[in-house]
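Raw structure_20.csv, CSV, N, CA and C atoms:
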chain,number,residue,atom,x,y,z
A,22,MET,N,82.3,194.0,128.1
A,22,MET,CA,81.0,193.2,128.1
A,22,MET,C,80.6,193.1,129.6
A,23,THR,N,79.4,193.4,129.9
A,23,THR,CA,78.9,193.3,131.3
A,23,THR,C,78.4,191.9,131.5
A,24,SER,N,78.3,191.6,132.8
A,24,SER,CA,77.8,190.3,133.2
A,24,SER,C,76.4,190.1,132.7
A,25,GLN,N,75.5,191.1,132.7
A,25,GLN,CA,74.2,191.0,132.2
A,25,GLN,C,74.1,190.6,130.7
A,26,SER,N,75.0,191.2,130.0
A,26,SER,CA,74.9,191.0,128.5
A,26,SER,C,75.4,189.6,128.2
A,27,TRP,N,76.4,189.0,128.8
A,27,TRP,CA,76.8,187.7,128.5
A,27,TRP,C,75.8,186.7,129.0
A,28,GLU,N,75.1,187.0,130.1
A,28,GLU,CA,74.1,186.1,130.7
A,28,GLU,C,72.9,186.1,129.7
A,29,ALA,N,72.5,187.3,129.2
A,29,ALA,CA,71.4,187.4,128.3
A,29,ALA,C,71.7,186.6,127.0
A,30,GLN,N,73.0,186.7,126.5
A,30,GLN,CA,73.4,186.0,125.3
A,30,GLN,C,73.4,184.5,125.5
A,31,ALA,N,73.8,184.1,126.7
A,31,ALA,CA,73.8,182.7,127.1
A,31,ALA,C,72.4,182.1,127.1
A,32,GLN,N,71.4,182.9,127.6
A,32,GLN,CA,70.1,182.5,127.7
A,32,GLN,C,69.5,182.3,126.3
A,33,VAL,N,69.8,183.3,125.4
A,33,VAL,CA,69.3,183.2,124.0
A,33,VAL,C,69.9,181.9,123.4
A,34,ALA,N,71.1,181.5,123.6
A,34,ALA,CA,71.7,180.3,123.1
A,34,ALA,C,71.0,179.1,123.7
A,35,ARG,N,70.7,179.1,125.0
A,35,ARG,CA,70.0,178.0,125.6
A,35,ARG,C,68.6,177.8,125.0
A,36,ASP,N,67.9,178.9,124.8
A,36,ASP,CA,66.6,178.9,124.2
A,36,ASP,C,66.6,178.3,122.8
A,37,ILE,N,67.6,178.7,122.0
A,37,ILE,CA,67.7,178.2,120.7
A,37,ILE,C,67.9,176.7,120.7
A,38,LEU,N,68.8,176.3,121.6
A,38,LEU,CA,69.2,174.9,121.7
A,38,LEU,C,67.9,174.1,122.1
A,39,GLU,N,67.2,174.6,123.1
A,39,GLU,CA,66.0,173.9,123.6
A,39,GLU,C,65.0,173.7,122.5
A,40,LYS,N,64.8,174.8,121.7
A,40,LYS,CA,63.8,174.7,120.7
A,40,LYS,C,64.2,173.8,119.5
A,41,SER,N,65.5,173.6,119.3
A,41,SER,CA,66.0,172.8,118.2
A,41,SER,C,66.1,171.3,118.4
A,42,ILE,N,66.0,170.9,119.7
A,42,ILE,CA,66.1,169.5,120.0
A,42,ILE,C,64.8,168.8,119.8
A,43,GLN,N,64.8,167.7,119.1
A,43,GLN,CA,63.5,166.9,118.9
A,43,GLN,C,63.1,166.3,120.3
A,44,LYS,N,62.0,166.7,120.7
A,44,LYS,CA,61.5,166.2,122.1
A,44,LYS,C,61.5,164.7,122.2
A,45,GLN,N,61.1,164.0,121.1
A,45,GLN,CA,61.0,162.5,121.2
A,45,GLN,C,62.4,161.9,121.3
A,46,TRP,N,63.5,162.6,121.1
A,46,TRP,CA,64.8,162.1,121.2
A,46,TRP,C,65.4,162.4,122.6
A,47,LEU,N,64.7,163.1,123.5
A,47,LEU,CA,65.2,163.3,124.8
A,47,LEU,C,65.0,162.1,125.7
A,48,LEU,N,66.0,161.8,126.5
A,48,LEU,CA,65.8,160.7,127.5
A,48,LEU,C,64.8,161.1,128.6
A,49,PRO,N,63.9,160.2,128.9
A,49,PRO,CA,63.0,160.5,130.0
A,49,PRO,C,63.9,160.5,131.3
A,50,SER,N,63.4,161.2,132.3
A,50,SER,CA,64.2,161.3,133.5
A,50,SER,C,64.6,159.9,134.1
A,51,GLU,N,63.7,158.9,134.0
A,51,GLU,CA,64.0,157.6,134.6
A,51,GLU,C,65.1,156.9,133.8
A,52,LYS,N,65.4,157.4,132.6
A,52,LYS,CA,66.5,156.7,131.8
A,52,LYS,C,67.9,157.4,132.0
A,53,LEU,N,67.8,158.6,132.7
A,53,LEU,CA,69.1,159.3,133.0
A,53,LEU,C,69.8,158.6,134.1
A,54,PRO,N,71.2,158.6,134.0
A,54,PRO,CA,71.9,157.9,135.1
A,54,PRO,C,71.8,158.6,136.4
A,55,PRO,N,72.0,157.8,137.5
A,55,PRO,CA,71.9,158.4,138.8
A,55,PRO,C,73.1,159.4,139.0
A,56,PRO,N,73.0,160.4,139.9
A,56,PRO,CA,74.1,161.4,140.0
A,56,PRO,C,75.4,160.8,140.3
A,57,GLY,N,75.5,159.7,141.0
A,57,GLY,CA,76.8,159.1,141.3
A,57,GLY,C,77.5,158.4,140.2
A,58,ARG,N,76.8,158.1,139.1
A,58,ARG,CA,77.4,157.4,138.0
A,58,ARG,C,78.4,158.3,137.2
A,59,THR,N,79.6,157.9,137.1
A,59,THR,CA,80.6,158.7,136.4
A,59,THR,C,80.9,158.2,135.0
A,60,ASN,N,80.6,157.0,134.7
A,60,ASN,CA,80.9,156.5,133.4
A,60,ASN,C,79.5,156.3,132.6
A,61,VAL,N,79.3,157.1,131.6
A,61,VAL,CA,78.0,157.1,130.9
A,61,VAL,C,78.2,156.6,129.5
A,62,ILE,N,79.3,156.0,129.2
A,62,ILE,CA,79.6,155.6,127.8
A,62,ILE,C,78.6,154.6,127.2
A,63,ASP,N,78.0,153.8,128.1
A,63,ASP,CA,77.0,152.8,127.6
A,63,ASP,C,75.6,153.2,127.6
A,64,ILE,N,75.3,154.4,128.0
A,64,ILE,CA,73.9,154.9,128.1
A,64,ILE,C,73.3,154.8,126.7
A,65,PRO,N,73.9,155.2,125.6
A,65,PRO,CA,73.2,155.1,124.3
A,65,PRO,C,72.8,153.7,124.0
A,66,ARG,N,73.5,152.7,124.4
A,66,ARG,CA,73.1,151.3,124.2
A,66,ARG,C,72.0,150.9,125.2
A,67,GLU,N,72.1,151.4,126.4
A,67,GLU,CA,71.2,151.0,127.5
A,67,GLU,C,69.8,151.7,127.5
A,68,CYS,N,69.8,152.9,126.9
A,68,CYS,CA,68.6,153.7,127.1
A,68,CYS,C,67.4,153.2,126.2
A,69,GLY,N,67.6,152.5,125.1
A,69,GLY,CA,66.6,152.1,124.3
A,69,GLY,C,66.1,153.1,123.2
A,70,LEU,N,66.7,154.3,123.2
A,70,LEU,CA,66.3,155.3,122.2
A,70,LEU,C,66.8,155.0,120.8
A,71,LEU,N,68.0,154.4,120.7
A,71,LEU,CA,68.5,154.0,119.4
A,71,LEU,C,68.2,152.6,119.1
A,72,ASP,N,67.8,152.3,117.8
A,72,ASP,CA,67.6,150.9,117.5
A,72,ASP,C,69.0,150.4,117.0
A,73,GLN,N,69.0,149.1,116.7
A,73,GLN,CA,70.3,148.4,116.4
A,73,GLN,C,71.0,149.1,115.2
A,74,GLN,N,70.2,149.4,114.2
A,74,GLN,CA,70.9,150.1,113.0
A,74,GLN,C,71.5,151.4,113.4
A,75,GLU,N,70.8,152.2,114.2
A,75,GLU,CA,71.3,153.5,114.6
A,75,GLU,C,72.5,153.4,115.5
A,76,LEU,N,72.6,152.3,116.3
A,76,LEU,CA,73.8,152.1,117.1
A,76,LEU,C,74.9,151.7,116.2
A,77,GLU,N,74.7,150.9,115.2
A,77,GLU,CA,75.7,150.5,114.3
A,77,GLU,C,76.2,151.7,113.5
A,78,ILE,N,75.3,152.5,113.0
A,78,ILE,CA,75.7,153.7,112.3
A,78,ILE,C,76.6,154.6,113.1
A,79,THR,N,76.2,154.9,114.4
A,79,THR,CA,76.9,155.8,115.2
A,79,THR,C,78.2,155.3,115.8
A,80,GLU,N,78.4,154.0,115.6
A,80,GLU,CA,79.7,153.4,116.0
A,80,GLU,C,80.6,153.0,114.8
A,81,THR,N,80.2,153.6,113.7
A,81,THR,CA,81.0,153.3,112.4
A,81,THR,C,81.8,154.6,112.2
A,82,ASP,N,83.1,154.4,111.7
A,82,ASP,CA,83.9,155.5,111.4
A,82,ASP,C,83.5,156.2,110.1
A,83,ALA,N,84.0,157.3,109.8
A,83,ALA,CA,83.6,158.1,108.6
A,83,ALA,C,83.8,157.3,107.3
A,84,THR,N,84.8,156.6,107.2
A,84,THR,CA,85.0,155.8,105.9
A,84,THR,C,83.9,154.8,105.8
A,85,GLY,N,83.6,154.1,106.9
A,85,GLY,CA,82.5,153.1,106.8
A,85,GLY,C,81.2,153.7,106.5
A,86,LEU,N,80.9,154.9,107.0
A,86,LEU,CA,79.7,155.6,106.8
A,86,LEU,C,79.5,155.9,105.3
A,87,VAL,N,80.6,156.5,104.7
A,87,VAL,CA,80.6,156.8,103.3
A,87,VAL,C,80.4,155.5,102.4
A,88,GLU,N,81.1,154.5,102.8
A,88,GLU,CA,81.1,153.2,102.1
A,88,GLU,C,79.6,152.6,102.1
A,89,ASN,N,79.0,152.6,103.3
A,89,ASN,CA,77.7,152.1,103.5
A,89,ASN,C,76.6,152.9,102.7
A,90,MET,N,76.8,154.3,102.7
A,90,MET,CA,75.9,155.1,102.0
A,90,MET,C,76.1,154.9,100.5
A,91,SER,N,77.3,154.8,100.0
A,91,SER,CA,77.6,154.6,98.6
A,91,SER,C,77.0,153.2,98.1
A,92,LEU,N,77.0,152.2,99.0
A,92,LEU,CA,76.5,150.9,98.6
A,92,LEU,C,74.9,150.9,98.7
A,93,GLY,N,74.3,151.9,99.3
A,93,GLY,CA,72.9,152.0,99.5
A,93,GLY,C,72.4,151.3,100.8
A,94,THR,N,73.4,150.8,101.6
A,94,THR,CA,73.0,150.2,102.9
A,94,THR,C,72.3,151.1,103.8
A,95,TRP,N,72.8,152.4,103.8
A,95,TRP,CA,72.2,153.4,104.7
A,95,TRP,C,72.0,154.6,103.8
A,96,THR,N,70.9,155.4,104.1
A,96,THR,CA,70.7,156.6,103.4
A,96,THR,C,71.3,157.8,104.2
A,97,ALA,N,71.6,158.9,103.6
A,97,ALA,CA,72.1,160.0,104.3
A,97,ALA,C,71.1,160.4,105.4
A,98,GLU,N,69.8,160.3,105.2
A,98,GLU,CA,68.8,160.7,106.2
A,98,GLU,C,68.9,159.7,107.4
A,99,GLN,N,69.1,158.4,107.2
A,99,GLN,CA,69.3,157.5,108.3
A,99,GLN,C,70.5,157.8,109.1
A,100,VAL,N,71.6,158.1,108.4
A,100,VAL,CA,72.8,158.5,109.1
A,100,VAL,C,72.7,159.7,109.9
A,101,LEU,N,72.1,160.8,109.3
A,101,LEU,CA,71.9,162.0,110.0
A,101,LEU,C,71.0,161.9,111.2
A,102,THR,N,69.9,161.2,111.0
A,102,THR,CA,69.0,161.0,112.2
A,102,THR,C,69.7,160.2,113.3
A,103,ALA,N,70.4,159.2,113.0
A,103,ALA,CA,71.1,158.4,114.0
A,103,ALA,C,72.1,159.3,114.8
A,104,VAL,N,72.9,160.1,114.0
A,104,VAL,CA,73.9,160.9,114.7
A,104,VAL,C,73.2,162.0,115.5
A,105,LEU,N,72.2,162.6,115.0
A,105,LEU,CA,71.5,163.6,115.8
A,105,LEU,C,70.8,163.0,117.1
A,106,LYS,N,70.3,161.8,117.0
A,106,LYS,CA,69.7,161.2,118.2
A,106,LYS,C,70.8,160.9,119.2
A,107,ARG,N,71.9,160.4,118.8
A,107,ARG,CA,73.0,160.1,119.7
A,107,ARG,C,73.6,161.4,120.3
A,108,ALA,N,73.7,162.4,119.5
A,108,ALA,CA,74.2,163.7,120.0
A,108,ALA,C,73.3,164.3,121.0
A,109,THR,N,72.0,164.1,120.8
A,109,THR,CA,71.0,164.6,121.8
A,109,THR,C,71.2,163.8,123.1
A,110,ILE,N,71.4,162.5,123.1
A,110,ILE,CA,71.7,161.8,124.3
A,110,ILE,C,72.9,162.3,125.0
A,111,GLY,N,74.0,162.5,124.2
A,111,GLY,CA,75.3,163.0,124.7
A,111,GLY,C,75.1,164.4,125.3
A,112,HIS,N,74.3,165.2,124.7
A,112,HIS,CA,74.1,166.6,125.2
A,112,HIS,C,73.4,166.5,126.6
A,113,GLN,N,72.4,165.6,126.7
A,113,GLN,CA,71.7,165.5,128.0
A,113,GLN,C,72.7,165.0,129.0
A,114,LEU,N,73.5,164.1,128.7
A,114,LEU,CA,74.5,163.5,129.7
A,114,LEU,C,75.6,164.5,130.1
A,115,VAL,N,76.2,165.1,129.1
A,115,VAL,CA,77.3,166.0,129.3
A,115,VAL,C,76.8,167.4,129.6
A,116,GLY,N,75.7,167.9,129.0
A,116,GLY,CA,75.2,169.2,129.3
A,116,GLY,C,74.8,169.4,130.7
A,117,PHE,N,74.1,168.4,131.3
A,117,PHE,CA,73.7,168.5,132.7
A,117,PHE,C,75.0,168.5,133.6
A,118,THR,N,75.9,167.6,133.2
A,118,THR,CA,77.2,167.5,134.0
A,118,THR,C,77.9,168.9,134.0
A,119,LEU,N,78.0,169.4,132.8
A,119,LEU,CA,78.7,170.7,132.6
A,119,LEU,C,78.0,171.8,133.4
A,120,SER,N,76.7,171.8,133.4
A,120,SER,CA,76.0,172.9,134.1
A,120,SER,C,76.3,172.8,135.6
A,121,LYS,N,76.3,171.5,136.1
A,121,LYS,CA,76.6,171.3,137.6
A,121,LYS,C,78.1,171.7,137.8
A,122,PHE,N,79.0,171.3,136.9
A,122,PHE,CA,80.4,171.6,137.1
A,122,PHE,C,80.7,173.1,137.1
A,123,LEU,N,80.0,173.8,136.2
A,123,LEU,CA,80.2,175.2,136.1
A,123,LEU,C,79.7,175.9,137.4
A,124,LYS,N,78.6,175.5,137.9
A,124,LYS,CA,78.1,176.0,139.2
A,124,LYS,C,79.1,175.8,140.3
A,125,GLU,N,79.7,174.7,140.3
A,125,GLU,CA,80.7,174.4,141.4
A,125,GLU,C,82.0,175.1,141.2
A,126,CYS,N,82.3,175.6,140.0
A,126,CYS,CA,83.5,176.3,139.7
A,126,CYS,C,83.4,177.8,139.5
A,127,TRP,N,82.5,178.3,140.3
A,127,TRP,CA,82.3,179.8,140.3
A,127,TRP,C,83.5,180.6,140.5
A,128,TRP,N,84.5,180.1,141.1
A,128,TRP,CA,85.7,180.8,141.4
A,128,TRP,C,86.7,181.0,140.2
A,129,ILE,N,86.4,180.3,139.1
A,129,ILE,CA,87.3,180.4,138.0
A,129,ILE,C,87.2,181.7,137.3
A,130,PRO,N,88.3,182.5,137.2
A,130,PRO,CA,88.1,183.8,136.6
A,130,PRO,C,87.9,183.7,135.1
A,131,PHE,N,87.0,184.5,134.5
A,131,PHE,CA,86.8,184.5,133.1
A,131,PHE,C,87.3,185.8,132.6
A,132,ALA,N,87.6,185.9,131.3
A,132,ALA,CA,88.2,187.1,130.7
A,132,ALA,C,87.5,188.4,130.9
A,133,ASP,N,86.1,188.3,130.9
A,133,ASP,CA,85.4,189.5,131.0
A,133,ASP,C,84.9,189.8,132.5
A,134,SER,N,85.4,189.0,133.4
A,134,SER,CA,85.0,189.2,134.8
A,134,SER,C,85.9,190.2,135.5
A,135,PRO,N,85.4,191.0,136.3
A,135,PRO,CA,86.3,191.9,137.1
A,135,PRO,C,87.2,191.1,138.0
A,136,ALA,N,88.4,191.6,138.1
A,136,ALA,CA,89.4,190.9,138.9
A,136,ALA,C,89.2,191.1,140.4

Could I get this structure in the form of structure tokens?
Amino acid sequence: MTSQSWEAQAQVARDILEKSIQKQWLLPSEKLPPPGRTNVIDIPRECGLLDQQELEITETDATGLVENMSLGTWTAEQVLTAVLKRATIGHQLVGFTLSKFLKECWWIPFADSPA
């Protein structure tokens, strides 16, 4: 596999991801943490994107989710929406970090890279 082919495949994957994310679930730049912040665990609570019910849903374990859905407390749609919104937040926080990290780790040999 050549460098160009994996780069083209990576771009296709990035394009698909970008088109699949609901734009209203993206954090605006002013809600993103500053570059020096290393602990982002509280961002979902701080950013205002998730309402109280969505926070509760996304902080509930699998057993609790099934129980609440079987009782009619939450619908599957509410659970899925909450999880996707929180995943979008997480992707923004970790995806940007990962991109920066990978750029800084250019020296790591990959399997298809020439030695």

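Taking all atoms listed in the file into account, Leu71 in chain A lies nearest to A:Arg107 out of the set A:Lys44, A:Leu38, A:Pro56, A:Arg107.
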
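Note that the spacing between atom N of Gly93 in chain A and atom N of Leu76 in chain A amounts to 17.1 Å.
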
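Using only C-alpha atoms for every distance, the candidate list A:Pro55, A:Leu47, A:Ala83, A:Ser91 yields A:Leu47 as the residue closest to Gly69 in chain A.
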
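When all atoms listed in the file are used to measure the gap to Gln99 in chain A, the shortest distance among A:Gln74, A:Asn60, A:Pro49, A:Asp82 belongs to A:Gln74.
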
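The gap separating atom C of Ile110 in chain A from CA of Ile37 in chain A is 17.3 Å, in Å to one decimal.
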
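Compared by their closest atoms to Gln45 in chain A, and using only C-alpha atoms, the residues A:Gln73, A:Ile64, A:Gly57, A:Thr109 rank with A:Thr109 nearest.
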